[in-house]
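As provided, entry-v8.txt (compact mmCIF, C-alpha atoms) reads as follows.
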```txt
# COMPACT_ATOMS: atom_id res chain seq x y z
CA MET A 281 -43.86 144.44 11.44
CA VAL A 282 -46.86 142.48 10.31
CA ALA A 283 -49.81 143.25 12.56
CA HIS A 284 -51.25 140.75 15.02
CA VAL A 285 -48.26 138.42 15.11
CA ILE A 286 -47.83 138.78 18.89
CA ASP A 287 -51.44 138.33 20.00
CA PHE A 288 -52.18 135.91 22.84
CA PRO A 289 -51.82 132.96 22.69
CA PRO A 290 -48.31 133.04 21.20
CA LEU A 291 -47.90 131.96 17.60
CA PRO A 292 -45.83 128.84 16.86
CA PHE A 293 -43.29 130.93 14.90
CA SER A 294 -41.34 134.04 15.77
CA PRO A 295 -42.61 137.43 14.50
CA ALA A 296 -39.44 137.81 12.42
CA VAL A 297 -40.11 134.58 10.50
CA ILE A 298 -43.78 135.47 9.95
CA ASP A 299 -42.78 138.97 8.80
CA ALA A 300 -40.20 137.66 6.34
CA TYR A 301 -42.54 135.04 4.89
CA VAL A 302 -45.51 137.39 4.52
CA GLY A 303 -43.22 140.02 2.99
CA THR A 304 -42.00 137.44 0.47
CA ILE A 305 -45.57 136.50 -0.49
CA ASN A 306 -46.49 140.17 -0.93
CA GLN A 307 -43.37 140.72 -3.04
CA ALA A 308 -44.32 137.80 -5.28
CA TYR A 309 -47.83 139.23 -5.80
CA ASP A 310 -46.42 142.66 -6.66
CA LEU A 311 -43.84 141.33 -9.10
CA ASN A 312 -46.25 139.14 -11.07
CA GLY A 313 -49.49 141.13 -11.17
CA ASP A 314 -48.56 142.98 -14.37
CA ARG A 315 -47.44 139.79 -16.11
CA ILE A 316 -50.96 138.41 -16.47
CA ASP A 317 -52.58 139.11 -19.86
CA PRO A 318 -56.08 137.63 -20.37
CA GLU A 319 -55.85 138.41 -24.09
CA ILE A 320 -53.32 135.63 -24.55
CA GLY A 321 -55.05 133.11 -22.29
CA HIS A 322 -53.64 133.98 -18.87
CA ASN A 323 -55.90 133.45 -15.85
CA GLU A 324 -55.61 133.42 -12.06
CA GLY A 325 -54.27 129.87 -12.18
CA ALA A 326 -51.30 131.12 -14.20
CA PHE A 327 -50.85 133.96 -11.73
CA ARG A 328 -50.82 131.62 -8.73
CA TYR A 329 -48.18 129.46 -10.41
CA LEU A 330 -45.97 132.51 -11.02
CA VAL A 331 -46.43 133.54 -7.38
CA TYR A 332 -45.38 130.05 -6.27
CA GLN A 333 -42.26 130.17 -8.47
CA THR A 334 -41.29 133.63 -7.22
CA ILE A 335 -41.80 132.72 -3.56
CA SER A 336 -39.55 129.69 -4.03
CA PHE A 337 -36.90 131.88 -5.67
CA LEU A 338 -36.95 134.72 -3.12
CA LEU A 339 -37.62 132.89 0.13
CA PRO A 340 -34.06 131.70 0.98
CA GLY A 341 -32.62 135.19 0.52
CA ASN A 342 -35.42 136.83 2.49
CA MET A 343 -34.77 134.51 5.44
CA ARG A 344 -31.18 135.73 5.76
CA GLY A 345 -29.99 136.07 9.32
CA LEU A 346 -32.88 134.12 10.84
CA PRO A 347 -32.33 130.87 12.81
CA VAL A 348 -34.21 128.67 10.33
CA GLN A 349 -33.63 125.79 7.96
CA ILE A 350 -35.26 125.60 4.53
CA VAL A 351 -36.14 122.10 3.35
CA GLN A 352 -37.60 121.05 0.01
CA ASP A 353 -40.62 118.80 0.44
CA ASN A 354 -43.04 117.75 -2.34
CA ASN A 355 -41.84 120.60 -4.60
CA ALA A 356 -42.48 123.13 -1.80
CA LEU A 357 -40.00 125.01 0.36
CA VAL A 358 -40.61 124.47 4.06
CA VAL A 359 -39.17 126.96 6.54
CA ARG A 360 -38.26 125.10 9.74
CA GLU A 361 -37.92 127.05 12.96
CA GLY A 362 -37.08 124.50 15.62
CA GLU A 363 -39.36 121.50 15.19
CA ARG A 364 -42.13 123.35 13.34
CA GLY A 365 -42.41 123.71 9.58
CA LEU A 366 -44.08 126.49 7.60
CA ARG A 367 -45.10 126.45 3.91
CA ALA A 368 -47.41 128.64 1.83
CA TYR A 369 -50.34 127.96 -0.54
CA PRO A 370 -53.13 130.10 -2.04
CA ILE A 371 -56.53 129.55 -0.40
CA GLY A 372 -58.68 132.42 -1.67
CA SER A 373 -58.97 135.74 -3.46
CA SER A 374 -60.28 138.17 -0.81
CA GLU A 375 -59.77 139.16 2.81
CA PHE A 376 -63.52 138.68 3.32
CA GLU A 377 -63.48 134.94 2.64
CA ASN A 378 -63.81 132.73 5.71
CA PRO A 379 -60.42 131.02 6.17
CA TRP A 380 -62.03 128.14 8.08
CA GLU A 381 -63.85 127.24 4.86
CA SER A 382 -60.98 127.95 2.42
CA PHE A 383 -58.38 125.32 1.58
CA PRO A 384 -55.44 124.88 -0.83
CA THR A 385 -55.97 122.70 -3.87
CA ASN A 386 -52.40 121.40 -3.70
CA ARG A 387 -52.27 117.58 -3.95
CA GLY A 388 -48.74 117.00 -2.70
CA GLY A 389 -47.14 118.77 0.23
CA ALA A 390 -50.30 120.21 1.78
CA PRO A 391 -52.16 116.91 2.41
CA ALA A 392 -48.88 115.27 3.46
CA ALA A 393 -48.41 117.98 6.10
CA ALA A 394 -52.00 117.49 7.26
CA ALA A 395 -51.47 113.75 7.64
CA ARG A 396 -48.33 114.29 9.71
CA ASN A 397 -50.22 116.62 12.04
CA SER A 398 -53.07 114.15 12.48
CA ILE A 399 -50.60 111.42 13.44
CA GLN A 400 -48.87 113.77 15.89
CA MET A 401 -52.10 115.09 17.41
CA SER A 402 -53.64 111.63 17.80
CA MET A 403 -51.36 111.18 20.78
CA PHE A 404 -53.26 113.88 22.70
CA GLU A 405 -56.75 114.02 24.22
CA GLU A 406 -59.50 115.15 21.85
CA THR A 407 -60.29 118.07 24.17
CA GLU A 408 -56.86 119.48 23.36
CA LEU A 409 -57.78 119.76 19.67
CA HIS A 410 -60.25 122.62 20.15
CA PRO A 411 -59.76 125.15 17.35
CA GLU A 412 -58.94 127.94 19.82
CA SER A 413 -56.17 125.96 21.49
CA ASP A 414 -52.54 126.10 20.47
CA GLY A 415 -52.70 122.56 19.09
CA GLN A 416 -49.89 120.05 19.03
CA GLY A 417 -49.16 119.85 15.30
CA LEU A 418 -45.77 120.65 13.84
CA GLU A 419 -46.65 121.47 10.20
CA TYR A 420 -48.31 124.81 9.40
CA ILE A 421 -49.51 126.57 6.25
CA LEU A 422 -49.61 130.26 5.43
CA GLY A 423 -52.76 130.48 3.35
CA HIS A 424 -52.65 133.61 1.19
CA CYS A 425 -55.60 135.31 -0.51
CA GLY A 426 -55.45 137.71 -3.44
CA THR A 427 -55.58 138.17 -7.20
CA SER A 428 -53.42 139.56 -9.98
CA LEU A 429 -55.52 142.73 -10.04
CA LEU A 430 -56.01 143.35 -6.32
CA GLY A 431 -52.70 142.02 -5.06
CA LEU A 432 -52.27 140.29 -1.72
CA ARG A 433 -55.34 140.77 0.48
CA ALA A 434 -54.88 138.46 3.48
CA VAL A 435 -52.61 135.83 4.99
CA HIS A 436 -53.82 133.22 7.49
CA LEU A 437 -51.66 130.89 9.57
CA CYS A 438 -53.39 127.50 9.54
CA LEU A 439 -52.85 124.08 11.09
CA PRO A 440 -53.88 121.47 8.48
CA LEU A 441 -55.44 118.16 9.48
CA GLY A 442 -56.01 115.01 7.44
CA LEU A 443 -57.01 111.44 8.15
CA TYR A 444 -54.95 109.61 5.57
CA LEU A 445 -51.57 110.09 3.94
CA ASP A 446 -53.14 109.63 0.49
CA GLU A 447 -55.86 112.28 0.83
CA LYS A 448 -55.90 114.36 -2.33
CA THR A 449 -56.53 117.77 -0.72
CA ILE A 450 -56.89 119.36 2.71
CA ARG A 451 -60.45 119.43 4.03
CA GLN A 452 -60.01 120.63 7.61
CA TRP A 453 -58.09 123.16 9.68
CA GLY A 454 -57.44 122.51 13.35
CA TRP A 455 -56.25 126.04 14.08
CA VAL A 456 -56.46 129.35 12.19
CA ARG A 457 -55.03 132.78 12.92
CA THR A 458 -55.13 135.76 10.58
CA VAL A 459 -51.68 137.35 10.59
CA TRP A 460 -52.25 140.05 7.97
CA ARG A 461 -55.19 141.74 6.24
CA ALA A 462 -54.93 144.52 3.68
CA ASP A 463 -58.04 146.32 4.96
CA ARG A 464 -56.81 146.66 8.55
CA ASP A 465 -53.00 146.36 8.64
CA GLY A 466 -50.16 148.37 7.19
CA PRO A 467 -48.03 147.17 4.32
CA PRO A 468 -46.01 144.01 5.03
CA MET A 469 -42.47 144.56 6.22
CA PRO A 470 -40.08 145.15 3.30
CA THR A 471 -37.99 142.11 2.51
CA ILE A 472 -34.88 144.17 1.70
CA LYS A 473 -33.12 145.17 4.94
CA PRO A 474 -30.39 147.82 5.26
CA GLY A 475 -26.78 146.86 5.93
CA PRO A 476 -24.67 143.90 4.82
CA SER A 477 -26.58 140.78 3.87
CA PRO A 478 -26.01 137.63 5.97
CA ILE A 479 -25.62 134.28 4.24
CA ALA A 480 -28.94 132.87 3.02
CA PRO A 481 -30.04 129.52 4.47
CA VAL A 482 -29.12 126.54 2.32
CA VAL A 483 -32.09 124.67 0.83
CA LEU A 484 -31.89 121.08 2.03
CA THR A 485 -33.17 118.40 -0.33
CA PRO A 486 -34.11 115.04 1.23
CA ARG A 487 -32.28 112.03 -0.13
CA PRO A 488 -34.31 110.09 -2.69
CA SER A 489 -35.53 106.68 -1.62
CA ILE A 490 -34.33 104.13 -4.17
CA SER A 491 -35.20 100.45 -4.10
CA ILE A 492 -33.82 97.82 -6.47
CA LYS A 493 -36.45 95.61 -8.00
CA PRO A 494 -35.44 91.96 -7.66
CA GLN A 495 -34.76 90.23 -10.94
CA VAL A 496 -37.07 87.42 -11.94
CA GLU A 497 -35.26 84.30 -13.05
CA ARG A 498 -36.35 83.13 -16.48
CA ARG A 499 -36.19 79.64 -17.86
CA PRO A 500 -33.66 79.06 -20.65
CA ASP A 501 -36.47 78.38 -23.15
CA ALA A 502 -38.40 81.57 -22.19
CA ARG A 503 -38.68 84.15 -24.94
```

Could you render the structure as structure tokens?
Amino acid sequence: MVAHVIDFPPLPFSPAVIDAYVGTINQAYDLNGDRIDPEIGHNEGAFRYLVYQTISFLLPGNMRGLPVQIVQDNNALVVREGERGLRAYPIGSSEFENPWESFPTNRGGAPAAAARNSIQMSMFEETELHPESDGQGLEYILGHCGTSLLGLRAVHLCLPLGLYLDEKTIRQWGWVRTVWRADRDGPPMPTIKPGPSPIAPVVLTPRPSISIKPQVERRPDAR
């Protein structure tokens, strides 16, 4: 089991879901580290993209048997346990970086999740938004730190906040908890479990919103 997932106060997700997600992230780091070749132009940006692709590929299977839904949102897979959603983005390269000052550069799903939280949390008193409180948001991010050479170094569970739906990137966390660090915890739980495999959760894709543009009437002599 991933260390520190049952500390007080309780985390917004079950230890099994955190374990499976962190194990998937670690698996993606391990599988792609050797694929990066600086001599042909590869860099850490290329590595992070491969990690993202591998997480998206492995995540449904690694959530087998857990009471979750997996929904596609802004090209990201969101694991939903009850009302709360969990997605993952890179936020750093080392376990020694301060997670309160590290943010994903994603310009789609991450700021959208932050905006949803801000709308939800605006219904509560400001005193309830203290960083050490449980918070009232429903959208969370697993911010992972590491490199192609060092592998996965840390994973932080973060509550993103944002003022506007069109913000380009996240600039603030309302809640942060470190759920795994390479320098203090054991290896993440293996994602391959013994015994028969349950059915993997189906990835749900929201229906596209389509609007028909009204036709503009043109005069007979218009060309």

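Distance annotation: of A:Val456, A:Leu422, A:Ala392, A:Leu291, the residue with the minimal separation from Gly303 (chain A) is A:Leu422; atom set is only C-alpha atoms.
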
Please provide as a JSON list (two decimals) with C-alpha atoms, in the frame of the given file all residues within 10 Å of Leu330 (chain A), with the sequence filter that same-chain residues fewer than 5 positions apart are discarded (counting all atoms listed in the file).
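As written to disk, around08.json reads:
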```
[["chain", "number", "residue", "atom", "x", "y", "z"],
["A", 308, "ALA", "CA", -44.32, 137.80, -5.28],
["A", 309, "TYR", "CA", -47.83, 139.23, -5.80],
["A", 311, "LEU", "CA", -43.84, 141.33, -9.10],
["A", 312, "ASN", "CA", -46.25, 139.14, -11.07],
["A", 313, "GLY", "CA", -49.49, 141.13, -11.17],
["A", 315, "ARG", "CA", -47.44, 139.79, -16.11],
["A", 316, "ILE", "CA", -50.96, 138.41, -16.47],
["A", 324, "GLU", "CA", -55.61, 133.42, -12.06],
["A", 325, "GLY", "CA", -54.27, 129.87, -12.18],
["A", 335, "ILE", "CA", -41.80, 132.72, -3.56],
["A", 336, "SER", "CA", -39.55, 129.69, -4.03]]
```

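In this comparison, which uses all atoms listed in the file, the residue of A:Arg387, A:Arg457, A:His424, A:Arg433 approaching Ala356 (chain A) most closely is A:Arg387.
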
Two-atom distance - CA of Tyr301 (chain A), CA of Pro391 (chain A) (Å): 20.7 Å

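CA of Asp317 (chain A) sits 28.6 Å away from CA of Asn378 (chain A).
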
If you measure from CA of Arg461 (chain A) to CA of Ala326 (chain A), what distance in Å do you get, rounded to one decimal? 23.4 Å

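With all atoms listed in the file as the atoms that count, the residue of A:Ile298, A:Leu429, A:Val348, A:Leu439 with the shortest distance to Asn397 (chain A) is A:Leu439.
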
If we draw a sphere of 12 Å around (-37.6, 132.0, -5.9), which residues have at least one atom in it when counting only C-alpha atoms? Please report them as a PyMOL selection string. chain A and resi 304-305+307-308+311+329-343+356-357+483

What lies within 6 Å of Cys438 (chain A) using all atoms listed in the file, ignoring chain neighbours under 6 positions off, as a PyMOL selection string? chain A and resi 420-421+455-456

Non-local contacts of Ala394 (chain A) (10 Å; only C-alpha atoms; under 2 positions in same chain excluded) as a ChimeraX atom specification: /A:389-392,396-400,417-421,439-445,447,449-454

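The residue that comes closest to Pro370 (chain A), out of A:Pro468, A:Gly431, A:Gly345, A:Gly423 and on the basis of all atoms listed in the file, is A:Gly423.
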
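In terms of minimum interatomic distance to Leu430 (chain A), A:Glu375 ranks closest within A:Asp353, A:Glu363, A:Glu375, A:Glu319, counting all atoms listed in the file.
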